[in-house]
$ cat input24.cif   # mmCIF, C-alpha atoms
data_protein
#
loop_
_atom_site.label_atom_id
_atom_site.label_comp_id
_atom_site.auth_asym_id
_atom_site.auth_seq_id
_atom_site.Cartn_x
_atom_site.Cartn_y
_atom_site.Cartn_z
CA MET A 1 70.72 213.84 41.43
CA ALA A 2 74.12 215.34 41.84
CA GLN A 3 76.22 213.82 44.61
CA TYR A 4 78.00 216.62 46.38
CA TYR A 5 79.38 215.08 49.54
CA PRO A 6 79.15 211.72 51.37
CA GLY A 7 78.22 211.27 55.01
CA THR A 8 75.28 210.96 57.36
CA THR A 9 76.17 213.61 59.97
CA LYS A 10 74.85 217.13 60.27
CA VAL A 11 78.21 218.49 59.08
CA ALA A 12 77.98 216.40 55.90
CA GLN A 13 74.42 217.60 55.31
CA ASN A 14 75.53 221.24 55.75
CA ARG A 15 78.33 220.67 53.26
CA ARG A 16 75.81 219.31 50.77
CA ASN A 17 73.51 222.27 51.36
CA PHE A 18 76.25 224.78 50.58
CA SER A 19 77.28 222.97 47.41
CA ASP A 20 73.78 222.46 46.08
CA PRO A 21 72.83 225.51 43.97
CA ASP A 22 69.14 224.65 44.33
CA TYR A 23 69.30 224.82 48.12
CA GLU A 24 68.40 228.28 49.37
CA LEU A 25 70.80 229.44 52.06
CA GLU A 26 69.34 231.33 55.00
CA LYS A 27 69.73 235.10 54.82
CA LEU A 28 70.98 236.30 58.20
CA ARG A 29 71.65 240.00 57.74
CA GLU A 30 71.10 242.98 55.47
CA ILE A 31 74.11 244.85 54.07
CA SER A 32 73.66 247.68 51.57
CA ASP A 33 75.41 247.67 48.18
CA GLU A 34 77.37 250.74 49.19
CA ASP A 35 78.68 249.04 52.33
CA VAL A 36 79.78 246.01 50.31
CA VAL A 37 81.75 248.31 47.99
CA ASN A 38 83.31 250.00 51.02
CA ILE A 39 84.38 246.70 52.57
CA LEU A 40 85.87 245.47 49.28
CA GLY A 41 87.88 248.66 48.88
CA HIS A 42 88.39 248.29 45.11
CA ARG A 43 86.57 251.49 44.12
CA ALA A 44 84.72 254.34 45.81
CA PRO A 45 80.91 253.92 46.06
CA GLY A 46 79.18 255.63 43.14
CA GLU A 47 82.35 255.68 41.06
CA GLU A 48 82.16 254.24 37.54
CA TYR A 49 83.58 250.76 37.04
CA PRO A 50 87.08 251.13 35.59
CA SER A 51 87.50 248.94 32.52
CA VAL A 52 90.35 246.99 30.98
CA HIS A 53 88.85 246.58 27.53
CA PRO A 54 85.99 248.16 25.51
CA PRO A 55 82.51 246.58 25.87
CA LEU A 56 82.29 243.26 24.00
CA GLU A 57 79.67 244.67 21.62
CA GLU A 58 82.08 247.30 20.38
CA MET A 59 84.89 244.81 19.95
CA ASP A 60 85.44 243.15 16.63
CA GLU A 61 85.62 239.51 17.72
CA PRO A 62 86.51 236.63 15.40
CA ASP A 63 83.79 234.15 14.46
CA ASP A 64 83.82 231.36 16.99
CA ALA A 65 81.22 228.73 17.96
CA ILE A 66 82.19 228.81 21.65
CA ARG A 67 81.90 232.59 21.82
CA GLU A 68 78.37 232.28 20.51
CA MET A 69 77.42 229.50 22.90
CA VAL A 70 78.74 231.00 26.15
CA VAL A 71 76.84 234.00 27.44
CA PRO A 72 79.35 236.45 28.92
CA LEU A 73 78.97 237.79 32.48
CA ASP A 74 77.67 241.32 32.90
CA GLY A 75 81.15 242.41 33.98
CA ALA A 76 82.79 240.75 31.00
CA LYS A 77 80.28 242.39 28.65
CA ALA A 78 81.19 245.79 30.02
CA GLY A 79 84.93 245.11 30.18
CA ASP A 80 85.36 245.36 33.96
CA ARG A 81 88.55 244.63 35.83
CA VAL A 82 88.94 241.30 37.65
CA ARG A 83 88.79 241.89 41.42
CA TYR A 84 88.68 239.68 44.52
CA ILE A 85 87.22 239.06 47.95
CA GLN A 86 89.03 236.83 50.42
CA PHE A 87 87.73 235.20 53.59
CA THR A 88 89.39 233.64 56.61
CA ASP A 89 87.36 231.12 58.60
CA SER A 90 88.14 230.22 62.19
CA MET A 91 88.56 226.57 63.08
CA TYR A 92 86.25 227.21 66.02
CA PHE A 93 83.04 226.20 64.24
CA ALA A 94 82.95 228.86 61.52
CA PRO A 95 79.99 228.25 59.19
CA ALA A 96 82.19 227.78 56.10
CA GLN A 97 85.79 226.71 55.52
CA PRO A 98 88.12 227.12 52.51
CA PHE A 99 87.61 223.82 50.69
CA LEU A 100 83.86 223.97 51.15
CA ARG A 101 83.88 227.55 49.89
CA SER A 102 85.68 226.54 46.72
CA ARG A 103 83.38 223.58 46.10
CA SER A 104 80.27 225.63 46.62
CA TYR A 105 81.53 228.71 44.73
CA LEU A 106 82.13 226.55 41.68
CA CYS A 107 78.61 225.13 41.99
CA ARG A 108 76.89 228.43 42.64
CA PHE A 109 78.76 231.20 40.82
CA ARG A 110 79.41 231.45 37.10
CA GLY A 111 82.63 232.81 35.70
CA ALA A 112 84.42 232.98 39.03
CA ASP A 113 87.86 231.69 39.89
CA ALA A 114 88.31 230.23 43.37
CA GLY A 115 91.65 229.82 45.15
CA THR A 116 92.00 227.69 48.27
CA LEU A 117 94.62 227.78 51.00
CA SER A 118 94.56 226.18 54.44
CA GLY A 119 93.35 229.26 56.25
CA ARG A 120 91.93 231.55 53.61
CA GLN A 121 89.96 231.41 50.42
CA ILE A 122 89.81 233.90 47.58
CA ILE A 123 87.31 234.36 44.78
CA GLU A 124 88.14 236.41 41.70
CA THR A 125 85.79 237.60 39.01
CA ARG A 126 84.72 240.74 37.11
CA GLU A 127 84.11 243.66 39.45
CA ARG A 128 80.35 244.13 39.15
CA ASP A 129 79.73 240.40 39.43
CA LEU A 130 82.09 240.22 42.39
CA GLU A 131 80.04 242.83 44.22
CA LYS A 132 76.90 240.78 43.65
CA TYR A 133 78.57 237.59 44.88
CA SER A 134 80.19 239.36 47.84
CA LYS A 135 76.83 240.69 48.99
CA TYR A 136 75.43 237.17 48.85
CA LEU A 137 78.43 235.74 50.71
CA LEU A 138 78.19 238.36 53.46
CA GLU A 139 74.44 238.24 53.94
CA THR A 140 73.89 234.49 54.02
CA GLU A 141 75.03 231.58 56.18
CA TYR A 142 78.51 231.67 54.62
CA PHE A 143 79.47 234.43 57.01
CA ASP A 144 79.52 234.88 60.75
CA PRO A 145 80.86 238.26 61.91
CA ALA A 146 82.85 236.73 64.81
CA ARG A 147 84.22 233.50 63.31
CA SER A 148 84.76 234.63 59.71
CA GLY A 149 86.86 237.53 58.53
CA ILE A 150 87.06 239.51 55.27
CA ARG A 151 90.79 239.73 54.81
CA GLY A 152 92.54 240.77 51.63
CA LYS A 153 95.90 240.64 53.44
CA THR A 154 97.30 239.81 56.91
CA VAL A 155 95.00 236.81 57.13
CA HIS A 156 96.68 235.12 60.13
CA GLY A 157 94.25 233.93 62.80
CA HIS A 158 92.13 231.01 61.62
CA SER A 159 93.88 228.47 63.84
CA LEU A 160 94.43 230.70 66.87
CA ARG A 161 92.37 230.72 70.04
CA LEU A 162 89.51 233.18 69.92
CA ASP A 163 89.66 236.54 71.67
CA GLU A 164 87.93 236.84 75.02
CA ASP A 165 84.87 238.36 73.37
CA GLY A 166 84.58 235.42 70.96
CA MET A 167 86.07 237.19 67.91
CA MET A 168 88.71 235.54 65.73
CA PHE A 169 92.20 237.05 66.15
CA ASP A 170 92.91 239.73 63.57
CA MET A 171 96.19 241.59 63.75
CA LEU A 172 94.73 244.55 61.85
CA ARG A 173 91.52 244.74 63.92
CA ARG A 174 89.19 245.10 60.95
CA LEU A 175 86.08 243.75 62.63
CA ILE A 176 85.36 245.00 66.15
CA LEU A 177 82.66 243.88 68.56
CA ASN A 178 80.81 246.96 69.77
CA LYS A 179 80.20 246.18 73.44
CA ASP A 180 77.32 248.68 73.75
CA THR A 181 75.25 247.33 70.88
CA GLY A 182 76.52 243.73 70.88
CA LYS A 183 76.99 244.01 67.12
CA VAL A 184 80.13 243.55 65.08
CA GLU A 185 81.31 246.55 63.07
CA ALA A 186 83.76 246.64 60.19
CA VAL A 187 85.99 249.64 60.88
CA LYS A 188 88.48 248.87 58.10
CA ASN A 189 88.10 247.50 54.58
CA GLN A 190 89.48 244.10 53.61
CA ILE A 191 93.05 245.31 53.20
CA GLY A 192 93.03 247.27 56.45
CA ASP A 193 92.36 250.87 55.33
CA GLU A 194 90.15 252.81 57.73
CA LEU A 195 86.53 253.31 56.66
CA ASP A 196 84.89 256.72 57.05
CA GLU A 197 81.83 255.13 58.65
CA PRO A 198 81.81 251.72 60.33
CA VAL A 199 79.72 249.07 58.57
CA VAL A 200 77.43 247.16 60.93
CA LEU A 201 77.56 243.43 60.23
CA GLY A 202 75.12 242.34 62.93
CA GLU A 203 75.34 240.16 66.00
CA PRO A 204 77.63 237.11 66.10
CA LEU A 205 75.81 233.77 66.08
CA ASP A 206 75.72 231.94 69.40
CA GLU A 207 77.71 228.77 70.02
CA ALA A 208 74.74 226.39 69.67
CA THR A 209 73.69 227.85 66.29
CA LEU A 210 77.28 227.74 65.04
CA LYS A 211 77.59 224.07 65.98
CA GLU A 212 74.33 223.47 64.13
CA LYS A 213 75.48 225.32 60.99
CA THR A 214 79.17 224.45 60.90
CA THR A 215 80.82 222.53 58.07
CA ILE A 216 83.87 221.65 60.13
CA TYR A 217 84.38 218.20 61.61
CA ARG A 218 85.81 218.54 65.11
CA LYS A 219 86.35 216.14 67.96
CA ASP A 220 84.44 218.43 70.31
CA GLY A 221 81.61 218.75 67.78
CA GLU A 222 80.96 216.00 65.28
CA ALA A 223 84.11 213.94 64.72
CA TYR A 224 85.03 212.91 61.18
CA ARG A 225 85.73 209.31 62.27
CA ASP A 226 82.19 208.99 63.55
CA ASP A 227 80.85 209.68 60.05
CA LYS A 228 81.19 206.13 58.76
CA ASP A 229 79.89 206.87 55.26
CA ALA A 230 82.27 209.76 54.67
CA VAL A 231 85.25 207.73 55.92
CA GLU A 232 84.27 204.78 53.72
CA ILE A 233 84.15 206.95 50.60
CA LEU A 234 87.46 208.54 51.54
CA HIS A 235 89.05 205.10 51.85
CA ARG A 236 87.60 204.10 48.51
CA ILE A 237 88.96 207.19 46.79
CA HIS A 238 92.36 206.53 48.37
CA VAL A 239 92.45 202.93 47.18
CA VAL A 240 91.18 203.73 43.70
CA ARG A 241 93.68 206.55 43.27
CA SER A 242 96.58 204.41 44.48
CA GLU A 243 95.68 201.51 42.23
CA ALA A 244 95.20 203.72 39.22
CA GLY A 245 98.54 205.31 39.94
CA TYR A 246 100.24 201.91 39.86
CA SER A 247 98.40 201.07 36.64
CA PRO A 248 97.46 197.48 37.50
CA GLU A 249 96.70 195.13 34.65
CA MET B 1 111.17 226.01 87.93
CA ASP B 2 108.83 227.58 85.37
CA ILE B 3 105.11 227.34 84.79
CA GLU B 4 103.06 228.30 81.76
CA ILE B 5 99.53 229.64 82.06
CA PHE B 6 97.67 228.77 78.87
CA PRO B 7 94.22 230.45 78.77
CA HIS B 8 91.67 228.99 76.38
CA ARG B 9 91.07 232.44 74.86
CA LEU B 10 93.47 235.22 73.87
CA LEU B 11 93.32 237.84 76.62
CA ASN B 12 92.37 241.45 76.11
CA PRO B 13 94.51 244.19 77.70
CA GLU B 14 92.16 244.74 80.69
CA THR B 15 92.24 241.11 81.77
CA THR B 16 96.00 240.96 81.18
CA GLU B 17 96.45 244.02 83.36
CA GLN B 18 94.35 242.63 86.24
CA LEU B 19 95.98 239.21 86.07
CA LEU B 20 99.54 240.54 85.90
CA ASN B 21 98.93 242.91 88.81
CA GLU B 22 97.70 240.02 90.95
CA LEU B 23 100.61 237.78 89.97
CA GLU B 24 103.14 240.57 90.37
CA VAL B 25 102.57 240.94 94.12
CA MET B 26 103.02 237.23 94.84
CA ASP B 27 106.25 236.44 96.67
CA GLY B 28 106.83 233.11 94.94
CA VAL B 29 106.93 234.63 91.43
CA LYS B 30 110.37 235.76 90.34
CA ARG B 31 109.97 236.67 86.65
CA MET B 32 107.15 236.87 84.12
CA VAL B 33 106.98 236.76 80.31
CA VAL B 34 103.91 237.67 78.28
CA HIS B 35 103.79 235.68 75.04
CA GLY B 36 101.36 235.76 72.10
CA PRO B 37 100.67 236.79 68.51
CA ARG B 38 102.15 240.15 67.62
CA LEU B 39 100.03 243.28 67.23
CA PRO B 40 100.83 245.99 64.66
CA PRO B 41 102.61 249.19 65.75
CA GLU B 42 100.29 251.37 67.81
CA GLU B 43 98.60 254.14 65.87
CA ALA B 44 98.86 257.56 67.46
CA GLY B 45 96.00 258.46 69.72
CA SER B 46 94.54 255.09 70.59
CA SER B 47 95.25 253.88 74.09
CA ASP B 48 93.50 250.53 74.28
CA ARG B 49 96.78 248.63 74.55
CA THR B 50 98.37 250.57 77.38
CA ILE B 51 98.34 248.66 80.65
CA THR B 52 99.46 249.78 84.09
CA ILE B 53 101.53 247.32 86.11
CA GLN B 54 102.42 248.53 89.60
CA GLY B 55 101.87 252.12 88.59
CA GLU B 56 104.10 251.85 85.53
CA LYS B 57 102.48 252.27 82.12
CA LEU B 58 103.53 249.99 79.29
CA GLN B 59 102.42 249.22 75.77
CA LEU B 60 101.48 245.64 74.93
CA GLN B 61 103.20 244.57 71.72
CA VAL B 62 101.49 241.18 71.64
CA GLN B 63 98.04 239.91 72.44
CA THR B 64 98.39 237.75 75.54
CA GLY B 65 98.27 234.06 74.62
CA ARG B 66 100.49 232.56 77.31
CA ILE B 67 102.03 233.84 80.51
CA LEU B 68 105.30 232.26 81.59
CA LEU B 69 106.28 232.48 85.26
CA GLU B 70 109.50 231.59 87.01
CA ILE B 71 108.63 230.41 90.51
CA ASP B 72 110.52 229.19 93.58
CA GLU B 73 108.29 226.53 95.07
CA GLU B 74 105.63 224.14 93.95
CA GLU B 75 103.06 225.56 96.38
CA THR B 76 102.95 228.74 94.31
CA ILE B 77 101.21 226.81 91.52
CA ASP B 78 98.06 226.41 93.62
CA GLU B 79 98.02 230.12 94.44
CA VAL B 80 98.45 230.98 90.75
CA ARG B 81 95.65 228.57 89.88
CA ALA B 82 93.32 230.26 92.37
CA ILE B 83 94.01 233.69 90.86
CA CYS B 84 93.55 232.38 87.31
CA GLU B 85 90.20 230.81 88.18
CA ASN B 86 89.08 234.25 89.18
CA TYR B 87 90.10 236.04 85.99
CA LEU B 88 89.88 233.32 83.35
CA PRO B 89 86.32 231.96 83.52
CA PHE B 90 86.61 230.45 80.01
CA GLY B 91 89.21 227.94 81.21
CA PHE B 92 92.99 227.58 81.22
CA ASN B 93 95.79 225.04 81.62
CA ILE B 94 98.87 225.31 83.78
CA TYR B 95 101.92 223.38 82.63
CA VAL B 96 105.13 222.85 84.62
CA GLY B 97 108.44 222.77 82.78
CA THR B 98 111.26 225.00 81.61
CA PHE B 99 109.91 227.81 79.49
CA ILE B 100 112.30 230.71 80.11
CA ARG B 101 115.87 230.26 78.92
CA LYS B 102 118.38 230.08 81.76
CA GLU B 103 121.71 229.96 79.90
CA LYS B 104 123.53 232.76 78.12
CA THR B 105 123.94 232.23 74.37
CA VAL B 106 126.22 233.37 71.57
CA THR B 107 123.43 235.68 70.37
CA ASP B 108 123.38 237.30 73.81
CA ASP B 109 127.14 237.75 73.60
CA ILE B 110 126.91 239.59 70.28
CA LYS B 111 123.86 241.63 71.21
CA TYR B 112 125.07 242.84 74.59
CA ALA B 113 128.74 243.15 73.60
CA GLY B 114 130.04 240.60 76.09
CA LEU B 115 128.42 237.94 78.24
CA ASP B 116 129.46 239.69 81.45
CA GLN B 117 127.34 242.69 80.39
CA ILE B 118 124.06 240.76 80.74
CA PRO B 119 122.25 241.06 84.03
CA GLU B 120 121.14 237.64 85.32
CA GLU B 121 117.49 238.64 85.44
CA MET B 122 117.45 239.62 81.74
CA ILE B 123 118.45 236.19 80.40
CA GLY B 124 115.69 234.72 78.28
CA LEU B 125 113.31 237.63 78.73
CA THR B 126 113.75 239.37 75.39
CA ASP B 127 112.82 238.24 71.90
CA GLN B 128 115.90 236.63 70.32
CA ASN B 129 115.04 237.77 66.84
CA ALA B 130 114.23 241.39 67.62
CA LYS B 131 116.63 244.28 67.61
CA LEU B 132 117.51 245.25 71.14
CA SER B 133 116.65 248.88 70.47
CA GLU B 134 113.06 247.89 69.71
CA ARG B 135 112.55 245.78 72.83
CA ALA B 136 114.41 247.56 75.60
CA THR B 137 115.22 251.12 76.49
CA VAL B 138 118.88 251.65 77.21
CA ILE B 139 119.68 254.60 79.44
CA LYS B 140 123.29 255.69 79.04
CA ARG B 141 125.20 256.83 82.07
CA LYS B 142 126.98 260.21 81.89
CA ASP B 143 130.77 259.96 82.39
#
$ encode --input "input24.cif" --output "structure tokens"
Amino acid sequence: MAQYYPGTTKVAQNRRNFSDPDYELEKLREISDEDVVNILGHRAPGEEYPSVHPPLEEMDEPDDAIREMVVPLDGAKAGDRVRYIQFTDSMYFAPAQPFLRSRSYLCRFRGADAGTLSGRQIIETRERDLEKYSKYLLETEYFDPARSGIRGKTVHGHSLRLDEDGMMFDMLRRLILNKDTGKVEAVKNQIGDELDEPVVLGEPLDEATLKEKTTIYRKDGEAYRDDKDAVEILHRIHVVRSEAGYSPE
Amino acid sequence: MDIEIFPHRLLNPETTEQLLNELEVMDGVKRMVVHGPRLPPEEAGSSDRTITIQGEKLQLQVQTGRILLEIDEEETIDEVRAICENYLPFGFNIYVGTFIRKEKTVTDDIKYAGLDQIPEEMIGLTDQNAKLSERATVIKRKD
């Protein structure tokens, strides 16, 4: 069995669940394909996928064993552009966080490139595959409308205090809590352009559920130091790396 | 002596307005600074960031993260705490220290064209890095 992450706490188990491609993540909301395209902002809904090269079938490729072995993605077959979706996750018990996202993306998605920073995480792949992955990322446990944000730019906010209504700070105000319905609406796409119609992303999860689902170790939740197994493995990796670096006889 | 009110959430304009109006009428409070992450320039038409303090309308340029107060006496802290408990149910901290600059600086000298041009009550109230024209309205006197 693959070993994804050490530890005995709930947080460690959640991290393993995200990284394990056989584990089925809970679907929390329904977002239409058109709405996903709107939020991404790379093309208009219904518009043809722009391409950067002719379909692979029409291209005269050299004979190559690897090319025969590896099945191309749908997007690569059609010659789509490479596009991205980027998320920011609040430190206040967001369900996912950048390093976990990268780990799990690499385990779950084929042909995608993941980039990790302290407060944001980007995934890049061919456009039609990206839309499929984005829909999955938005509909499942990866995303909470209040504590996660879809931010192509102006990502600041993951380490700030939450707003009074429990939303993560967003300078561009892309996701707004509708006080009448109690649901979060995306009023701008990921780079901050206004949408014609707001996209409803559903109700934010309550604090207890977030603490149950989170993959973030926190002193006021589950502290990392209390997870003896995870700390032990970390120490081992540290020692092994140091010793290997010194090249002992 | 200064105090800093540090709410555990970033305040929305309505709460900021109510809190500032309550603090404003207190005798012990001399000056106030609203501090927090910057908001983008206001788009035309939307008014959700305009607050009214003592009948005067102003645009918030930041989302309220901290409120700095210059006070005369220590007793004022308890009064401020009582008001905060009313408006900040999610919790807050009050720290005592020096948070508002009290001395004139070289930057002030250059910005205001002479240290003697700066009114005492303006020292430390404006953003050092911002252009003066963006932070304050200067009304020129007719000769």
$ closest_residue --input "input24.cif" --among "A:Glu48, A:Asp63, A:Asp144, A:Asp229" --to "Phe87 of chain A" --atoms "only C-alpha atoms"
A:Asp144
$ residues_around --input "input24.cif" --residues "Glu75 of chain B" --least-positions-apart "5" --cutoff "12 Å" --atoms "only C-alpha atoms" --output "PyMOL selection string"
chain B and resi 1+3+26-29+80-82
$ atom_distance --input "input24.cif" --atom1 "atom CA of Asp33 of chain A" --atom2 "atom CA of Pro45 of chain A"
8.6 Å
$ interface_residues --input "input24.cif" --of "chain A" --to "chain B" --cutoff "6 Å" --atoms "all atoms listed in the file" --output "MDAnalysis selection string"
chainID A and resid 161:164 171
$ atom_distance --input "input24.cif" --atom1 "atom CA of Leu23 of chain B" --atom2 "atom CA of Ile5 of chain B"
11.4 Å
$ resolve_selection --input "input24.cif" --expression "the PyMOL selection byres ((chain B and resi 2) around 7)" --output "PyMOL selection string"
chain B and resi 1+3-4+68-71+96-99
$ closest_residue --input "input24.cif" --among "B:Glu56, B:Glu74, B:Glu120, B:Glu14" --to "Tyr95 of chain B" --atoms "all atoms listed in the file"
B:Glu74
$ atom_distance --input "input24.cif" --atom1 "atom CA of Met167 of chain A" --atom2 "atom CA of Pro145 of chain A"
8.0 Å
$ resolve_selection --input "input24.cif" --expression "the PyMOL selection byres ((chain A and resi 220) around 10)" --output "number ranges by chain"
A: 92-93, 211, 217-219, 221-223
$ resolve_selection --input "input24.cif" --expression "the PyMOL selection byres ((chain A and resi 85) around 9)" --output "PDB file with C-alpha atoms, in the coordinates of the input"
ATOM      1  CA  LEU A  40      85.870 245.470  49.280  1.00  0.00           C
ATOM      2  CA  ARG A  83      88.790 241.890  41.420  1.00  0.00           C
ATOM      3  CA  TYR A  84      88.680 239.680  44.520  1.00  0.00           C
ATOM      4  CA  GLN A  86      89.030 236.830  50.420  1.00  0.00           C
ATOM      5  CA  PHE A  87      87.730 235.200  53.590  1.00  0.00           C
ATOM      6  CA  GLN A 121      89.960 231.410  50.420  1.00  0.00           C
ATOM      7  CA  ILE A 122      89.810 233.900  47.580  1.00  0.00           C
ATOM      8  CA  ILE A 123      87.310 234.360  44.780  1.00  0.00           C
ATOM      9  CA  GLU A 124      88.140 236.410  41.700  1.00  0.00           C
ATOM     10  CA  LEU A 130      82.090 240.220  42.390  1.00  0.00           C
ATOM     11  CA  GLU A 131      80.040 242.830  44.220  1.00  0.00           C
ATOM     12  CA  SER A 134      80.190 239.360  47.840  1.00  0.00           C
ATOM     13  CA  ILE A 150      87.060 239.510  55.270  1.00  0.00           C
ATOM     14  CA  ARG A 151      90.790 239.730  54.810  1.00  0.00           C
ATOM     15  CA  GLY A 152      92.540 240.770  51.630  1.00  0.00           C
ATOM     16  CA  GLN A 190      89.480 244.100  53.610  1.00  0.00           C
TER      17      GLN A 190
END
$ residues_around --input "input24.cif" --residues "Ala44 of chain A" --least-positions-apart "2" --cutoff "12 Å" --atoms "all atoms listed in the file" --output "list in words"
Asp33, Glu34, Asp35, Val36, Val37, Asn38, Ile39, Leu40, Gly41, His42, Gly46, Glu47, Glu48, Tyr49, Pro50, Asn189, Leu195 and Asp196 of chain A
$ decode --input "input24.cif" --residues "segment 39-69 of chain B" --atoms "C-alpha atoms" --output "short mmCIF file (atom, residue, chain, number, x, y, z; two decimals), in the first residue's frame"
data_model
loop_
_atom_site.label_atom_id
_atom_site.label_comp_id
_atom_site.auth_asym_id
_atom_site.auth_seq_id
_atom_site.Cartn_x
_atom_site.Cartn_y
_atom_site.Cartn_z
CA LEU B 39 -8.90 48.08 -0.21
CA PRO B 40 -8.83 48.85 -3.95
CA PRO B 41 -9.99 52.26 -5.23
CA GLU B 42 -13.75 52.58 -4.90
CA GLU B 43 -15.67 51.84 -8.06
CA ALA B 44 -18.22 54.47 -9.02
CA GLY B 45 -21.68 53.86 -7.69
CA SER B 46 -21.06 51.50 -4.82
CA SER B 47 -21.41 53.02 -1.39
CA ASP B 48 -20.70 50.14 0.97
CA ARG B 49 -17.48 51.72 2.22
CA THR B 50 -18.79 55.16 3.10
CA ILE B 51 -19.12 55.69 6.83
CA THR B 52 -20.54 58.64 8.72
CA ILE B 53 -18.58 59.86 11.74
CA GLN B 54 -20.22 62.72 13.62
CA GLY B 55 -22.27 63.64 10.59
CA GLU B 56 -19.26 63.75 8.29
CA LYS B 57 -19.10 61.21 5.47
CA LEU B 58 -15.80 59.54 4.68
CA GLN B 59 -14.54 56.72 2.50
CA LEU B 60 -12.70 53.86 4.17
CA GLN B 61 -9.49 53.12 2.28
CA VAL B 62 -8.61 50.13 4.46
CA GLN B 63 -10.55 47.33 6.05
CA THR B 64 -10.40 47.92 9.80
CA GLY B 65 -7.89 45.57 11.43
CA ARG B 66 -6.69 47.68 14.34
CA ILE B 67 -7.82 50.92 15.92
CA LEU B 68 -5.14 53.03 17.59
CA LEU B 69 -6.23 55.54 20.24
#
